[in-house]
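> Contents of query09.txt (compact mmCIF, C-alpha atoms and all ligand atoms) are below:
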```
# COMPACT_ATOMS: atom_id res chain seq x y z
CA MET A 26 11.00 -28.15 18.02
CA SER A 27 8.25 -25.56 17.88
CA ASN A 28 5.83 -25.41 14.98
CA THR A 29 5.09 -21.70 15.23
CA LEU A 30 4.71 -20.03 11.83
CA LEU A 31 5.00 -16.32 11.10
CA ARG A 32 2.02 -15.35 8.92
CA ILE A 33 2.85 -12.82 6.22
CA ALA A 34 0.08 -11.13 4.23
CA ILE A 35 0.93 -9.95 0.74
CA GLN A 36 -1.16 -8.59 -2.15
CA LYS A 37 -2.97 -11.23 -4.17
CA SER A 38 -2.74 -9.30 -7.43
CA GLY A 39 -1.70 -5.80 -8.39
CA ARG A 40 1.24 -3.46 -8.36
CA LEU A 41 2.83 -4.87 -5.19
CA GLN A 42 2.37 -8.59 -5.74
CA GLU A 43 5.39 -9.36 -7.88
CA GLY A 44 7.85 -7.33 -5.82
CA SER A 45 6.54 -8.77 -2.56
CA LEU A 46 6.97 -12.37 -3.73
CA ALA A 47 10.36 -11.57 -5.28
CA LEU A 48 11.58 -10.09 -2.00
CA LEU A 49 10.57 -13.20 -0.04
CA LYS A 50 12.11 -15.51 -2.61
CA GLU A 51 15.35 -13.53 -2.80
CA SER A 52 15.47 -13.83 0.98
CA GLY A 53 15.72 -17.57 0.43
CA LEU A 54 12.13 -18.57 1.13
CA SER A 55 10.88 -21.39 -1.04
CA ILE A 56 7.22 -20.58 -1.79
CA SER A 57 4.75 -21.18 -4.60
CA ASN A 58 3.05 -18.32 -6.42
CA GLY A 59 -0.47 -18.32 -5.05
CA ARG A 60 -2.28 -18.21 -8.38
CA ASP A 61 -5.33 -20.02 -7.00
CA GLN A 62 -4.06 -21.01 -3.60
CA LEU A 63 -4.59 -18.16 -1.14
CA LYS A 64 -2.38 -19.59 1.59
CA THR A 65 0.95 -21.31 1.24
CA GLN A 66 3.70 -22.45 3.58
CA ALA A 67 7.38 -21.91 2.83
CA ARG A 68 9.13 -25.24 2.50
CA ASN A 69 12.33 -24.18 4.25
CA PHE A 70 11.41 -21.42 6.69
CA PRO A 71 8.72 -21.12 9.43
CA VAL A 72 6.57 -18.78 7.39
CA GLU A 73 3.06 -18.94 5.97
CA VAL A 74 2.08 -16.54 3.19
CA LEU A 75 -1.51 -15.26 2.83
CA PHE A 76 -2.56 -13.68 -0.49
CA LEU A 77 -5.10 -10.90 0.19
CA ARG A 78 -6.54 -7.64 -1.13
CA ASP A 79 -3.92 -5.03 -0.21
CA ASP A 80 -6.54 -2.68 1.26
CA ASP A 81 -7.57 -5.40 3.73
CA ILE A 82 -4.06 -6.18 4.96
CA PRO A 83 -3.76 -3.49 7.72
CA GLN A 84 -7.00 -4.77 9.29
CA TYR A 85 -5.85 -8.40 9.16
CA VAL A 86 -2.57 -7.44 10.80
CA GLU A 87 -4.32 -5.41 13.49
CA ASP A 88 -6.64 -8.35 14.18
CA ASN A 89 -3.65 -10.71 14.40
CA VAL A 90 -4.99 -12.85 11.57
CA ALA A 91 -1.67 -12.05 9.90
CA ASP A 92 1.43 -11.19 11.94
CA ILE A 93 3.07 -8.96 9.37
CA GLY A 94 2.11 -7.57 5.98
CA ILE A 95 3.59 -5.94 2.91
CA VAL A 96 1.52 -2.96 1.72
CA GLY A 97 1.94 0.42 0.08
CA GLU A 98 2.73 3.16 2.57
CA ASN A 99 -0.37 4.90 1.14
CA VAL A 100 -2.60 2.06 2.38
CA PHE A 101 -0.80 1.92 5.75
CA VAL A 102 -1.27 5.68 6.30
CA GLU A 103 -4.89 5.68 5.11
CA LYS A 104 -6.04 2.86 7.36
CA GLN A 105 -4.47 4.32 10.55
CA LYS A 106 -4.39 1.08 12.52
CA GLN A 107 -2.32 0.29 15.60
CA ASN A 108 0.31 -1.38 13.41
CA GLN A 109 3.98 -0.55 13.29
CA LEU A 110 5.87 0.34 10.14
CA ILE A 111 8.95 -1.80 10.59
CA LYS A 112 10.73 -1.39 7.28
CA LYS A 113 10.58 0.49 4.00
CA LEU A 114 11.18 -2.02 1.23
CA ASP A 115 12.50 0.08 -1.63
CA PHE A 116 10.11 -1.07 -4.36
CA ALA A 117 6.70 -0.07 -5.77
CA LYS A 118 7.62 3.60 -5.46
CA CYS A 119 4.80 5.93 -6.43
CA ARG A 120 3.01 9.05 -5.29
CA LEU A 121 -0.52 9.90 -4.26
CA CYS A 122 -1.60 12.86 -6.39
CA LEU A 123 -4.45 15.21 -7.00
CA ALA A 124 -5.36 15.27 -10.69
CA ILE A 125 -7.90 17.21 -12.75
CA PRO A 126 -9.11 17.19 -16.36
CA ARG A 127 -6.36 18.28 -18.75
CA SER A 128 -8.55 21.02 -20.21
CA GLU A 129 -8.88 22.80 -16.84
CA ASN A 130 -6.81 25.86 -16.09
CA TYR A 131 -5.19 25.04 -12.73
CA THR A 132 -4.85 28.07 -10.50
CA GLY A 133 -3.34 26.41 -7.43
CA LEU A 134 -4.96 24.56 -4.53
CA LYS A 135 -7.81 27.11 -4.42
CA TRP A 136 -9.06 25.40 -7.58
CA PHE A 137 -10.40 22.60 -5.37
CA GLU A 138 -12.50 24.94 -3.16
CA GLY A 139 -16.10 23.74 -3.31
CA LYS A 140 -15.23 20.96 -5.77
CA ASN A 141 -15.74 17.21 -5.44
CA ILE A 142 -12.80 14.82 -5.30
CA ALA A 143 -13.11 11.08 -5.97
CA THR A 144 -10.60 8.90 -4.12
CA SER A 145 -9.93 5.61 -2.36
CA TYR A 146 -7.95 7.55 0.27
CA PRO A 147 -10.55 9.75 2.02
CA ALA A 148 -8.64 10.12 5.31
CA ILE A 149 -5.40 11.24 3.66
CA VAL A 150 -7.23 13.64 1.32
CA GLN A 151 -9.29 15.15 4.15
CA GLN A 152 -6.14 15.74 6.18
CA PHE A 153 -4.43 17.38 3.21
CA LEU A 154 -7.43 19.65 2.58
CA ASN A 155 -7.66 20.63 6.24
CA LYS A 156 -3.96 21.46 6.37
CA ASN A 157 -4.38 23.71 3.34
CA ASN A 158 -7.68 25.26 4.44
CA ILE A 159 -9.62 24.02 1.45
CA LYS A 160 -13.22 22.91 1.74
CA ALA A 161 -14.08 20.29 -0.84
CA GLY A 162 -16.32 17.25 -1.03
CA ILE A 163 -14.77 13.79 -0.94
CA HIS A 164 -16.44 10.97 -2.81
CA GLU A 165 -15.01 7.61 -1.76
CA ILE A 166 -14.78 4.89 -4.42
CA SER A 167 -12.71 1.74 -4.19
CA GLY A 168 -11.39 1.53 -7.73
CA SER A 169 -11.33 2.92 -11.29
CA VAL A 170 -11.00 6.34 -9.70
CA GLU A 171 -9.55 7.92 -12.84
CA ILE A 172 -12.85 7.52 -14.66
CA ALA A 173 -14.75 9.75 -12.17
CA PRO A 174 -14.34 13.19 -13.81
CA GLY A 175 -15.15 11.77 -17.24
CA ILE A 176 -18.51 10.42 -16.09
CA GLY A 177 -19.47 13.45 -14.01
CA LEU A 178 -18.93 11.78 -10.65
CA ALA A 179 -16.35 14.31 -9.44
CA ASP A 180 -14.36 17.36 -10.56
CA GLY A 181 -10.98 15.89 -9.70
CA ILE A 182 -9.40 12.78 -8.21
CA CYS A 183 -6.73 11.77 -5.74
CA ASP A 184 -5.06 8.47 -6.62
CA ILE A 185 -1.78 6.63 -6.97
CA VAL A 186 0.44 7.61 -9.88
CA SER A 187 3.26 5.33 -10.88
CA THR A 188 4.10 5.67 -14.58
CA GLY A 189 1.33 8.23 -15.16
CA SER A 190 -0.18 6.25 -18.02
CA THR A 191 -3.56 5.75 -16.32
CA LEU A 192 -3.94 9.52 -15.86
CA LEU A 193 -2.89 10.16 -19.43
CA SER A 194 -5.31 7.70 -20.96
CA ASN A 195 -8.16 9.20 -18.93
CA GLY A 196 -7.48 12.80 -19.96
CA LEU A 197 -6.23 13.91 -16.55
CA LYS A 198 -3.22 15.91 -15.39
CA GLU A 199 -1.40 15.70 -12.09
CA VAL A 200 -1.51 18.99 -10.15
CA GLU A 201 -0.40 18.28 -6.55
CA THR A 202 1.55 15.56 -4.75
CA VAL A 203 -0.10 14.59 -1.48
CA LEU A 204 2.16 11.73 -0.36
CA TYR A 205 5.18 9.75 -1.58
CA SER A 206 4.85 6.03 -1.12
CA GLU A 207 6.67 2.71 -1.49
CA ALA A 208 6.16 -0.85 -0.29
CA VAL A 209 6.58 -1.18 3.48
CA MET A 210 6.50 -3.99 5.99
CA ILE A 211 4.02 -3.55 8.80
CA ALA A 212 3.63 -5.62 11.94
CA SER A 213 1.16 -6.14 14.70
CA PRO A 214 2.42 -4.58 17.96
CA GLN A 215 1.55 -7.84 19.76
CA LEU A 216 3.83 -10.55 18.41
CA SER A 217 4.86 -13.48 20.61
CA ASP A 218 8.55 -13.83 21.36
CA GLU A 219 8.71 -16.87 19.09
CA LYS A 220 7.23 -14.89 16.20
CA LYS A 221 9.56 -11.97 16.89
CA THR A 222 12.50 -14.36 16.59
CA ILE A 223 11.29 -15.56 13.17
CA LEU A 224 10.65 -11.98 12.08
CA ASN A 225 14.15 -10.92 13.09
CA LYS A 226 15.65 -13.78 11.04
CA LEU A 227 13.56 -12.72 8.06
CA LEU A 228 14.52 -9.05 8.48
CA PHE A 229 18.19 -10.03 8.64
CA ARG A 230 17.82 -11.83 5.31
CA ILE A 231 15.90 -8.93 3.72
CA GLU A 232 18.60 -6.52 4.83
CA SER A 233 21.27 -8.72 3.25
CA VAL A 234 19.32 -8.71 -0.02
CA GLN A 235 18.97 -4.92 0.11
CA LYS A 236 22.67 -4.44 0.86
CA ALA A 237 23.62 -6.66 -2.07
CA LYS A 238 21.50 -4.47 -4.36
CA ASN A 239 22.89 -1.10 -3.25
C1 LIG A 301 -2.84 2.44 -8.92
C2 LIG A 301 -3.83 3.52 -9.33
C3 LIG A 301 -3.91 3.44 -10.81
C4 LIG A 301 -2.56 2.90 -11.21
C5 LIG A 301 -1.67 4.00 -11.68
O1 LIG A 301 -3.52 1.32 -8.52
O2 LIG A 301 -5.08 3.31 -8.72
O3 LIG A 301 -4.95 2.60 -11.20
O4 LIG A 301 -2.00 2.26 -10.07
O5 LIG A 301 -0.48 3.50 -12.26
P1 LIG A 301 0.18 4.20 -13.52
O6 LIG A 301 0.50 5.63 -13.14
O7 LIG A 301 1.45 3.40 -13.75
O8 LIG A 301 -0.76 4.12 -14.67
P2 LIG A 301 -2.85 0.22 -7.56
O9 LIG A 301 -1.93 -0.61 -8.36
O10 LIG A 301 -2.28 0.87 -6.37
O11 LIG A 301 -4.00 -0.78 -7.23
P3 LIG A 301 -5.31 -0.72 -6.36
O12 LIG A 301 -5.62 0.73 -6.13
O13 LIG A 301 -6.29 -1.41 -7.21
O14 LIG A 301 -5.00 -1.47 -5.12
ZN ZN A 302 -5.84 -2.01 -3.53
MG MG A 303 -6.13 1.72 -8.16
```
Before anything else, please render the file you have as structure tokens.


Amino acid sequence: MSNTLLRIAIQKSGRLQEGSLALLKESGLSISNGRDQLKTQARNFPVEVLFLRDDDIPQYVEDNVADIGIVGENVFVEKQKQNQLIKKLDFAKCRLCLAIPRSENYTGLKWFEGKNIATSYPAIVQQFLNKNNIKAGIHEISGSVEIAPGIGLADGICDIVSTGSTLLSNGLKEVETVLYSEAVMIASPQLSDEKKTILNKLLFRIESVQKAKN
């Protein structure tokens, strides 16, 4: 018997963590929660789970440190690695939005001309601005983006909106949707045949779970 394990990277903590673990468990994998342990092996399936920062997952998958990963489509699109999107997972639905201070009078995309936008998604924002012929500055920050206008760091932001409560409590209003997103499974394009076989078994189980829910 072979001892090949398929390495799956999931988010250590945050919006995607619970749904990612739930999906694997509902697929019949017996795994512990990864509170302190950052790597755990399923007891009944040839899978190892790595708990990582979601933003790092596309790089780990591209480098073959992990074979597959569960990330937000927003992170997958932003990082533009040579990974394949193999399945949309139907949870953690959200949108990437442009938002500005509530007191501003929004006049359409032209409002952003010459302004500064704080975001953790510079590539996606730049592409959106180019497509719409808007020239604006992009200020990349890795977190707490919604605070930026309030402290004079930027005029507007582009960040993930789920319930909208973070925008609300920071005095911002959503003005444009840049991208719709949900959790997706990504894979390295270079998996061994053995790993592909494990992945196909896992995908079969995930599809059964999804069918049972719909
Ligand atoms: C997003 C975003 C906000 C929050 C919005 O972060 O950056 O902080 O969720 O959610 P709400 O509309 O329900 O208030 P995410 O969970 O994607 O985490 P990360 O950016 O830290 O990885
Ligand atoms: Zn993140
Ligand atoms: Mg965030």

> Show me which residues are within 8 Å of ligand MG 303 (chain A) counting only C-alpha atoms and all ligand atoms, and format the list as a short mmCIF file (atom, residue, chain, number, x, y, z; two decimals) with C-alpha atoms, keeping the file's coordinate frame.


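As a result, part.cif now contains:
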```
data_model
loop_
_atom_site.label_atom_id
_atom_site.label_comp_id
_atom_site.auth_asym_id
_atom_site.auth_seq_id
_atom_site.Cartn_x
_atom_site.Cartn_y
_atom_site.Cartn_z
CA SER A 145 -9.93 5.61 -2.36
CA SER A 167 -12.71 1.74 -4.19
CA GLY A 168 -11.39 1.53 -7.73
CA SER A 169 -11.33 2.92 -11.29
CA VAL A 170 -11.00 6.34 -9.70
CA ASP A 184 -5.06 8.47 -6.62
CA ILE A 185 -1.78 6.63 -6.97
#
```

> Neighbours of stretch 81-98 of chain A within 7 Å (all atoms listed in the file; same-chain residues fewer than 4 positions away dropped), as JSON, numbers by chain?

{"A": [31, 32, 33, 34, 35, 45, 77, 102, 104, 106, 107, 108, 206, 207, 208, 209, 210, 211, 212, 213, 216]}

> Please define a box with edges along x, y and z of the file around all atoms of stretch 93-105 of chain A given in the file, extend it by 4 Å on each side, and return its centre and edge lengths in Å to one decimal, as lines of an AutoDock Vina configuration file.


```
center_x = -1.2
center_y = -1.6
center_z = 5.3
size_x = 17.6
size_y = 22.6
size_z = 18.5
```

> Of the candidates A:Asp115, A:Glu232, A:Glu103, A:Asp180, which shows the shortest atom-to-atom distance to ligand ZN 302 (chain A), using only C-alpha atoms and all ligand atoms?

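The shortest atom-to-atom distance to ligand ZN 302 (chain A) comes from A:Glu103.
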
> Quick one: contact table of chain A to ligand LIG 301 (chain A), 9 Å max, nearest atom pair and distance in Å to one decimal per residue, counting only C-alpha atoms and all ligand atoms, chain and number order, as a tab-separated table?


```
residue	atom	partner	partner_atom	distance
A:Gln36	CA	A:LIG301	O14	8.6
A:Ser38	CA	A:LIG301	O14	8.5
A:Gly39	CA	A:LIG301	O9	5.2
A:Arg40	CA	A:LIG301	O9	4.3
A:Leu41	CA	A:LIG301	O9	7.1
A:Arg78	CA	A:LIG301	O14	7.5
A:Asp79	CA	A:LIG301	O14	6.2
A:Asp80	CA	A:LIG301	O14	6.7
A:Gly97	CA	A:LIG301	O10	7.7
A:Asn99	CA	A:LIG301	O10	8.7
A:Val100	CA	A:LIG301	O14	8.6
A:Cys119	CA	A:LIG301	O6	8.0
A:Arg120	CA	A:LIG301	O6	8.9
A:Leu121	CA	A:LIG301	C2	8.8
A:Ser145	CA	A:LIG301	O12	7.5
A:Ser167	CA	A:LIG301	O12	7.4
A:Gly168	CA	A:LIG301	O13	5.9
A:Ser169	CA	A:LIG301	O3	6.4
A:Val170	CA	A:LIG301	O2	6.7
A:Glu171	CA	A:LIG301	O3	7.2
A:Asp184	CA	A:LIG301	O2	5.6
A:Ile185	CA	A:LIG301	C2	4.4
A:Val186	CA	A:LIG301	O6	3.8
A:Ser187	CA	A:LIG301	O6	3.6
A:Thr188	CA	A:LIG301	O7	3.6
A:Gly189	CA	A:LIG301	O6	3.4
A:Ser190	CA	A:LIG301	O8	4.0
A:Thr191	CA	A:LIG301	O8	3.6
A:Leu192	CA	A:LIG301	O8	6.4
A:Leu193	CA	A:LIG301	O8	8.0
A:Ser194	CA	A:LIG301	O8	8.5
```

> Neighbouring residues of A:Ser55 were defined as those with any atom within 7 Å, considering all atoms listed in the file; residues of the same chain fewer than 4 positions away were excluded. Please report them as a list of chain:residue names.

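My list of contacting residues is A:Lys50, A:Ala67, A:Arg68, A:Asn69.
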
> Find the residue from A:Lys220, A:Lys156, A:Lys112, A:Lys37 that sits nearest to A:Pro71; use only C-alpha atoms when measuring.

A:Lys220

> Do you have the atom CA of A:Ile163-atom CA of A:Gln42 distance handy?

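Going from atom CA of A:Ile163 over to atom CA of A:Gln42 covers 28.6 Å.
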